[in-house]
Amino acid sequence: MKTSLVYSLTTIAALLMPSVLVRADNFQYPGLNDLNALFELPPVLEQAKSVRLVEVADAPYSNSRREFFASFLLLKPGSGNLEYGTLVYPLPVLTPHWENQAINPNYSPAFNIGAAYFISDTYNDLRTSWTHLDTADSASFVGGNNNFAGPPYLIGPGANAYNFGSGSVNFRYDAVNFEAGHLFRAGRPFQVRVLGGVQYVSITQNMTGTFSSDSSINSQTYTTNSSFSGAGPRVGVNTQFSGRYFQFVGDMAAVALIGTQELNQTFNTVSPNFPGGNPQSFSSPNGTQVVPGLDSKLGGSYSFPFRRGIFKIEAGYQAAIYIVAVNSYSLGQVTTPLQMQDAGVFFATAQHEQSNFFAHGPYLSSTFSF
């Protein structure tokens, strides 16, 4: 009887031992290493022990998966030629002062959408994305009784017909990326993805300055239209430090674009001599331009694993700059006779000027891979 009882208790203990070890491993009871050395762990426990902290980061590469993402951005665009007018302090007449006025664009909404495909068990991927920004901003100033306003090219003697100045600018920016990447250090907390591909960019800046007298009898308006569109190679690196669900990301990429530059300026002067306006224009032939660029971002994300996919929320700050992407002409006006001061624009020289386009601001994105 005793032998049968002992045999039964031994059998029950042997059956319950794997369950006890699983719970012990989950709660990290002391002495587990010694027990593992004495007993062979069941397959379930061995599988649980092999789960890595970076399983969420590696998951898209473990099987053939697709990924879609969308971002909401608040971008502040800008360039180096947003000075639209000049405030002149003419008194005393022999010592005038000039104060240029510039437009300072605000943060404006933009978006980025894209998709990715992960090639199973190779840690290679293909991605495409599109960033779009279309925004406008304005500014104004008043010359006052003893001062006057004018466009930057018309502030000399005899050019005191205007007291009010205003400026507006419209930016349109589109960037489309096609790239292939490879993930290094897979399965580790710190990972590096190297990418290479092609980027297409279209950048347009239209800036207008308007100046008028108190009675609005005299006014002058000019508009500078600058645009660039081109494509070229893009290379970069994405870094990521991963926990189980949290990730910290940092990206940087460089691009060299070859494309077409377009530039033209229009003018219109309204005065008692030309009540219907005197339209004029200045243009240059389209040319080929090489535009280098750089984009980067820094942020953090949190992942939500589901049975059939992973949903991720990411937030951070990003910036992009394109060198000499915006073009304009600086006009050097000659002194005109008093009877011609309100007739139109008469300049002696024109200097070609180039400036950079940039856009930066915070972003919030969501990603779903399945």
# chains A, B, ... in the order shown; residues from 1 in each chain; ligands from 1
$ residues_around --residues "Pro272 of chain A" --least-positions-apart "3" --cutoff "10 Å" --atoms "only C-alpha atoms" --output "short mmCIF file (atom, residue, chain, number, x, y, z; two decimals) with C-alpha atoms, in the first residue's frame"
data_model
loop_
_atom_site.label_atom_id
_atom_site.label_comp_id
_atom_site.auth_asym_id
_atom_site.auth_seq_id
_atom_site.Cartn_x
_atom_site.Cartn_y
_atom_site.Cartn_z
CA ILE A 217 -4.05 106.72 -56.80
CA ASN A 218 -0.50 105.43 -57.15
CA PRO A 275 -4.95 104.59 -64.60
CA GLY A 276 -5.38 101.19 -66.27
CA GLY A 277 -1.91 100.07 -65.25
CA ASP A 342 5.18 106.71 -61.44
CA ALA A 343 5.19 105.36 -64.99
#
$ residues_around --residues "Gly165 of chain A" --least-positions-apart "5" --cutoff "8 Å" --atoms "only C-alpha atoms" --output "MDAnalysis selection string"
chainID A and resid 85 140:143 149:150 209:212
$ write_last_selection --atoms "N, CA and C atoms" --output "compact mmCIF listing (two decimals), in the first residue's frame"
# COMPACT_ATOMS: atom_id res chain seq x y z
N GLY A 85 10.04 94.34 -49.37
CA GLY A 85 9.93 95.80 -49.45
C GLY A 85 10.92 96.48 -48.54
N SER A 140 2.89 93.07 -43.74
CA SER A 140 2.66 94.43 -44.23
C SER A 140 3.33 95.44 -43.31
N PHE A 141 3.48 96.68 -43.80
CA PHE A 141 4.05 97.76 -42.99
C PHE A 141 3.54 99.09 -43.54
N VAL A 142 3.68 100.16 -42.72
CA VAL A 142 3.21 101.50 -43.06
C VAL A 142 4.38 102.47 -43.01
N GLY A 143 4.47 103.32 -44.03
CA GLY A 143 5.57 104.28 -44.10
C GLY A 143 5.40 105.47 -43.16
N ALA A 149 7.36 103.96 -48.30
CA ALA A 149 7.60 102.54 -48.57
C ALA A 149 7.87 102.34 -50.04
N GLY A 150 8.57 101.28 -50.33
CA GLY A 150 8.85 100.99 -51.73
C GLY A 150 9.39 99.60 -51.91
N GLY A 209 4.92 91.63 -53.92
CA GLY A 209 4.99 92.85 -53.13
C GLY A 209 4.07 93.90 -53.73
N THR A 210 3.28 94.55 -52.89
CA THR A 210 2.34 95.59 -53.34
C THR A 210 2.56 96.85 -52.54
N PHE A 211 2.60 98.02 -53.22
CA PHE A 211 2.87 99.30 -52.58
C PHE A 211 1.89 100.34 -53.13
N SER A 212 1.37 101.18 -52.23
CA SER A 212 0.36 102.16 -52.65
C SER A 212 0.49 103.43 -51.84
$ residues_around --residues "Gly250 of chain A" --least-positions-apart "4" --cutoff "7 Å" --atoms "only C-alpha atoms" --output "list of chain:residue names"
A:Asn238, A:Thr239, A:Gln240, A:Lys297, A:Leu298, A:Gly299
$ write_last_selection --atoms "N, CA and C atoms" --output "compact mmCIF listing (two decimals), in the first residue's frame"
# COMPACT_ATOMS: atom_id res chain seq x y z
N ASN A 238 19.07 54.84 -41.45
CA ASN A 238 18.08 54.91 -40.38
C ASN A 238 18.61 54.14 -39.18
N THR A 239 18.59 54.74 -38.03
CA THR A 239 19.02 54.06 -36.80
C THR A 239 17.83 53.93 -35.86
N GLN A 240 17.86 52.87 -35.06
CA GLN A 240 16.75 52.61 -34.15
C GLN A 240 17.26 51.88 -32.92
N LYS A 297 15.36 63.32 -39.39
CA LYS A 297 14.31 63.35 -38.39
C LYS A 297 14.79 62.63 -37.14
N LEU A 298 14.17 62.97 -36.01
CA LEU A 298 14.48 62.38 -34.72
C LEU A 298 13.18 62.22 -33.97
N GLY A 299 12.91 61.02 -33.44
CA GLY A 299 11.64 60.81 -32.76
C GLY A 299 11.62 59.53 -31.97
$ closest_residue --among "A:Asn177, A:Thr367, A:Ser79, A:Gln191" --to "Ile203 of chain A" --atoms "only C-alpha atoms"
A:Ser79
$ closest_residue --among "A:Ser168, A:Asn160, A:Gly236, A:Gly259" --to "Gly196 of chain A" --atoms "only C-alpha atoms"
A:Gly236
$ closest_residue --among "A:Leu294, A:Leu364, A:Ala315, A:Ala325" --to "Gly78 of chain A" --atoms "only C-alpha atoms"
A:Ala325
$ select_by_dssp --residues "segment 29-277 of chain A" --states "strand (DSSP E or B)" --output "VMD selection string"
chain A and resid 65 to 79 83 to 89 97 to 102 108 to 119 124 to 142 148 to 150 164 to 184 190 to 212 219 to 242 246 to 271 274 to 277
$ residues_around --residues "Pro152 of chain A" --least-positions-apart "4" --cutoff "10 Å" --atoms "only C-alpha atoms" --output "VMD selection string"
chain A and resid 83 to 87 98 to 101 156 209 330 to 333
$ write_last_selection --atoms "C-alpha atoms" --output "PDB file, in the first residue's frame"
ATOM      1  CA  GLU A  83      12.447  90.435 -48.229  1.00  0.00           C
ATOM      2  CA  TYR A  84       9.636  92.040 -50.186  1.00  0.00           C
ATOM      3  CA  GLY A  85       9.934  95.795 -49.449  1.00  0.00           C
ATOM      4  CA  THR A  86      11.878  98.624 -47.855  1.00  0.00           C
ATOM      5  CA  LEU A  87      10.859 101.230 -45.298  1.00  0.00           C
ATOM      6  CA  TRP A  98      16.618 101.875 -45.112  1.00  0.00           C
ATOM      7  CA  GLU A  99      14.921  99.027 -43.261  1.00  0.00           C
ATOM      8  CA  ASN A 100      14.084  95.947 -45.314  1.00  0.00           C
ATOM      9  CA  GLN A 101      10.828  94.112 -44.559  1.00  0.00           C
ATOM     10  CA  GLY A 156      16.087 106.295 -54.524  1.00  0.00           C
ATOM     11  CA  GLY A 209       4.985  92.854 -53.133  1.00  0.00           C
ATOM     12  CA  SER A 330      17.838  91.735 -57.906  1.00  0.00           C
ATOM     13  CA  LEU A 331      17.108  94.805 -60.044  1.00  0.00           C
ATOM     14  CA  GLY A 332      19.342  97.853 -59.984  1.00  0.00           C
ATOM     15  CA  GLN A 333      17.161 100.861 -60.855  1.00  0.00           C
TER      16      GLN A 333
END
$ closest_residue --among "A:Ile313, A:Ala186, A:Asn81, A:Ser129" --to "Tyr363 of chain A" --atoms "only C-alpha atoms"
A:Ile313
$ closest_residue --among "A:Pro105, A:Gly243, A:Gly316, A:Gly287" --to "Pro189 of chain A" --atoms "only C-alpha atoms"
A:Gly243
$ atom_distance --atom1 "atom CA of Arg172 of chain A" --atom2 "atom CA of His132 of chain A"
7.7 Å
$ closest_residue --among "A:Val237, A:Val176, A:Ile155, A:Leu73" --to "Leu195 of chain A" --atoms "only C-alpha atoms"
A:Val237
$ atom_distance --atom1 "atom CA of Tyr322 of chain A" --atom2 "atom CA of Arg234 of chain A"
12.8 Å
$ residues_around --residues "Gln261 of chain A" --least-positions-apart "3" --cutoff "8 Å" --atoms "only C-alpha atoms" --output "number ranges by chain"
A: 226-229, 286-289
$ atom_distance --atom1 "atom CA of Val194 of chain A" --atom2 "atom CA of Ala253 of chain A"
9.8 Å
$ residues_around --residues "His97 of chain A" --least-positions-apart "3" --cutoff "8 Å" --atoms "only C-alpha atoms" --output "list in words"
Val88, Tyr89 and Pro90 of chain A
$ write_last_selection --atoms "C-alpha atoms" --output "compact mmCIF listing (two decimals), in the first residue's frame"
# COMPACT_ATOMS: atom_id res chain seq x y z
CA VAL A 88 12.76 104.52 -45.88
CA TYR A 89 13.36 107.20 -43.23
CA PRO A 90 14.06 110.26 -45.43
$ decode --residues "segment 236-282 of chain A" --atoms "N, CA and C atoms" --output "mmCIF file, in the first residue's frame"
data_model
loop_
_atom_site.group_PDB
_atom_site.id
_atom_site.type_symbol
_atom_site.label_atom_id
_atom_site.label_comp_id
_atom_site.auth_asym_id
_atom_site.auth_seq_id
_atom_site.Cartn_x
_atom_site.Cartn_y
_atom_site.Cartn_z
ATOM 1 N N GLY A 236 21.065 57.094 -47.542
ATOM 2 C CA GLY A 236 20.949 57.499 -46.153
ATOM 3 C C GLY A 236 21.031 56.329 -45.201
ATOM 4 N N VAL A 237 20.778 56.629 -43.957
ATOM 5 C CA VAL A 237 20.839 55.629 -42.906
ATOM 6 C C VAL A 237 19.731 55.905 -41.904
ATOM 7 N N ASN A 238 19.074 54.844 -41.445
ATOM 8 C CA ASN A 238 18.079 54.913 -40.381
ATOM 9 C C ASN A 238 18.612 54.142 -39.183
ATOM 10 N N THR A 239 18.588 54.739 -38.025
ATOM 11 C CA THR A 239 19.016 54.060 -36.803
ATOM 12 C C THR A 239 17.833 53.932 -35.862
ATOM 13 N N GLN A 240 17.864 52.870 -35.057
ATOM 14 C CA GLN A 240 16.752 52.610 -34.153
ATOM 15 C C GLN A 240 17.258 51.885 -32.923
ATOM 16 N N PHE A 241 16.833 52.351 -31.769
ATOM 17 C CA PHE A 241 17.113 51.658 -30.513
ATOM 18 C C PHE A 241 15.783 51.161 -29.974
ATOM 19 N N SER A 242 15.665 49.845 -29.797
ATOM 20 C CA SER A 242 14.371 49.232 -29.526
ATOM 21 C C SER A 242 14.330 48.585 -28.158
ATOM 22 N N GLY A 243 13.212 48.767 -27.478
ATOM 23 C CA GLY A 243 12.816 47.945 -26.367
ATOM 24 C C GLY A 243 11.741 46.993 -26.850
ATOM 25 N N ARG A 244 10.960 46.429 -25.950
ATOM 26 C CA ARG A 244 9.912 45.527 -26.390
ATOM 27 C C ARG A 244 8.861 46.264 -27.206
ATOM 28 N N TYR A 245 8.435 47.444 -26.746
ATOM 29 C CA TYR A 245 7.413 48.206 -27.453
ATOM 30 C C TYR A 245 7.858 49.627 -27.804
ATOM 31 N N PHE A 246 8.830 50.175 -27.072
ATOM 32 C CA PHE A 246 9.302 51.524 -27.344
ATOM 33 C C PHE A 246 10.486 51.481 -28.307
ATOM 34 N N GLN A 247 10.527 52.465 -29.200
ATOM 35 C CA GLN A 247 11.661 52.618 -30.106
ATOM 36 C C GLN A 247 12.032 54.100 -30.191
ATOM 37 N N PHE A 248 13.333 54.348 -30.291
ATOM 38 C CA PHE A 248 13.848 55.688 -30.546
ATOM 39 C C PHE A 248 14.527 55.664 -31.915
ATOM 40 N N VAL A 249 14.151 56.615 -32.795
ATOM 41 C CA VAL A 249 14.599 56.572 -34.179
ATOM 42 C C VAL A 249 15.330 57.855 -34.545
ATOM 43 N N GLY A 250 16.283 57.716 -35.451
ATOM 44 C CA GLY A 250 16.993 58.851 -36.015
ATOM 45 C C GLY A 250 17.360 58.551 -37.457
ATOM 46 N N ASP A 251 16.949 59.407 -38.381
ATOM 47 C CA ASP A 251 17.168 59.188 -39.812
ATOM 48 C C ASP A 251 17.916 60.369 -40.410
ATOM 49 N N MET A 252 18.720 60.073 -41.429
ATOM 50 C CA MET A 252 19.394 61.123 -42.191
ATOM 51 C C MET A 252 19.665 60.603 -43.596
ATOM 52 N N ALA A 253 19.408 61.463 -44.600
ATOM 53 C CA ALA A 253 19.636 61.073 -45.989
ATOM 54 C C ALA A 253 20.096 62.283 -46.785
ATOM 55 N N ALA A 254 20.904 62.029 -47.808
ATOM 56 C CA ALA A 254 21.409 63.072 -48.709
ATOM 57 C C ALA A 254 20.948 62.771 -50.123
ATOM 58 N N VAL A 255 20.734 63.838 -50.898
ATOM 59 C CA VAL A 255 20.228 63.692 -52.250
ATOM 60 C C VAL A 255 20.947 64.670 -53.163
ATOM 61 N N ALA A 256 21.090 64.301 -54.426
ATOM 62 C CA ALA A 256 21.654 65.182 -55.455
ATOM 63 C C ALA A 256 20.677 65.181 -56.628
ATOM 64 N N LEU A 257 19.996 66.307 -56.825
ATOM 65 C CA LEU A 257 18.940 66.413 -57.822
ATOM 66 C C LEU A 257 19.432 67.151 -59.058
ATOM 67 N N ILE A 258 19.006 66.703 -60.206
ATOM 68 C CA ILE A 258 19.272 67.383 -61.471
ATOM 69 C C ILE A 258 17.923 67.676 -62.111
ATOM 70 N N GLY A 259 17.670 68.964 -62.410
ATOM 71 C CA GLY A 259 16.362 69.304 -62.938
ATOM 72 C C GLY A 259 16.344 70.644 -63.638
ATOM 73 N N THR A 260 15.132 71.140 -63.843
ATOM 74 C CA THR A 260 14.906 72.377 -64.596
ATOM 75 C C THR A 260 14.506 73.510 -63.667
ATOM 76 N N GLN A 261 15.112 74.664 -63.880
ATOM 77 C CA GLN A 261 14.809 75.877 -63.119
ATOM 78 C C GLN A 261 14.048 76.849 -64.010
ATOM 79 N N GLU A 262 12.965 77.418 -63.464
ATOM 80 C CA GLU A 262 12.181 78.417 -64.191
ATOM 81 C C GLU A 262 12.063 79.671 -63.333
ATOM 82 N N LEU A 263 12.151 80.842 -63.981
ATOM 83 C CA LEU A 263 12.116 82.107 -63.242
ATOM 84 C C LEU A 263 11.559 83.209 -64.123
ATOM 85 N N ASN A 264 10.619 83.973 -63.577
ATOM 86 C CA ASN A 264 10.128 85.167 -64.258
ATOM 87 C C ASN A 264 9.569 86.142 -63.240
ATOM 88 N N GLN A 265 9.563 87.414 -63.582
ATOM 89 C CA GLN A 265 9.032 88.482 -62.739
ATOM 90 C C GLN A 265 8.094 89.358 -63.562
ATOM 91 N N THR A 266 7.014 89.785 -62.919
ATOM 92 C CA THR A 266 6.057 90.681 -63.571
ATOM 93 C C THR A 266 5.872 91.930 -62.717
ATOM 94 N N PHE A 267 5.542 93.041 -63.363
ATOM 95 C CA PHE A 267 5.355 94.319 -62.690
ATOM 96 C C PHE A 267 4.098 94.997 -63.244
ATOM 97 N N ASN A 268 3.456 95.786 -62.414
ATOM 98 C CA ASN A 268 2.326 96.594 -62.872
ATOM 99 C C ASN A 268 2.290 97.885 -62.063
ATOM 100 N N THR A 269 2.291 99.023 -62.752
ATOM 101 C CA THR A 269 2.294 100.336 -62.119
ATOM 102 C C THR A 269 1.011 101.075 -62.487
ATOM 103 N N VAL A 270 0.289 101.555 -61.463
ATOM 104 C CA VAL A 270 -0.937 102.339 -61.647
ATOM 105 C C VAL A 270 -0.673 103.754 -61.164
ATOM 106 N N SER A 271 -0.994 104.741 -61.981
ATOM 107 C CA SER A 271 -0.763 106.147 -61.642
ATOM 108 C C SER A 271 -1.753 107.000 -62.434
ATOM 109 N N PRO A 272 -1.831 108.314 -62.133
ATOM 110 C CA PRO A 272 -2.725 109.180 -62.934
ATOM 111 C C PRO A 272 -2.413 109.127 -64.416
ATOM 112 N N ASN A 273 -1.141 108.938 -64.770
ATOM 113 C CA ASN A 273 -0.784 108.833 -66.181
ATOM 114 C C ASN A 273 -1.169 107.489 -66.792
ATOM 115 N N PHE A 274 -1.250 106.435 -65.938
ATOM 116 C CA PHE A 274 -1.612 105.092 -66.400
ATOM 117 C C PHE A 274 -2.683 104.529 -65.470
ATOM 118 N N PRO A 275 -3.905 105.065 -65.519
ATOM 119 C CA PRO A 275 -4.952 104.589 -64.603
ATOM 120 C C PRO A 275 -5.303 103.120 -64.820
ATOM 121 N N GLY A 276 -5.101 102.605 -66.005
ATOM 122 C CA GLY A 276 -5.378 101.192 -66.269
ATOM 123 C C GLY A 276 -4.208 100.279 -65.984
ATOM 124 N N GLY A 277 -3.083 100.861 -65.562
ATOM 125 C CA GLY A 277 -1.909 100.066 -65.248
ATOM 126 C C GLY A 277 -0.935 99.971 -66.403
ATOM 127 N N ASN A 278 0.306 99.758 -66.066
ATOM 128 C CA ASN A 278 1.370 99.613 -67.049
ATOM 129 C C ASN A 278 2.087 98.286 -66.778
ATOM 130 N N PRO A 279 1.619 97.174 -67.362
ATOM 131 C CA PRO A 279 2.228 95.870 -67.075
ATOM 132 C C PRO A 279 3.577 95.712 -67.765
ATOM 133 N N GLN A 280 4.519 95.142 -67.048
ATOM 134 C CA GLN A 280 5.855 94.858 -67.569
ATOM 135 C C GLN A 280 6.275 93.470 -67.094
ATOM 136 N N SER A 281 7.302 92.911 -67.701
ATOM 137 C CA SER A 281 7.773 91.585 -67.300
ATOM 138 C C SER A 281 9.270 91.474 -67.508
ATOM 139 N N PHE A 282 9.853 90.549 -66.766
ATOM 140 C CA PHE A 282 11.282 90.244 -66.874
ATOM 141 C C PHE A 282 11.407 88.725 -66.748
#
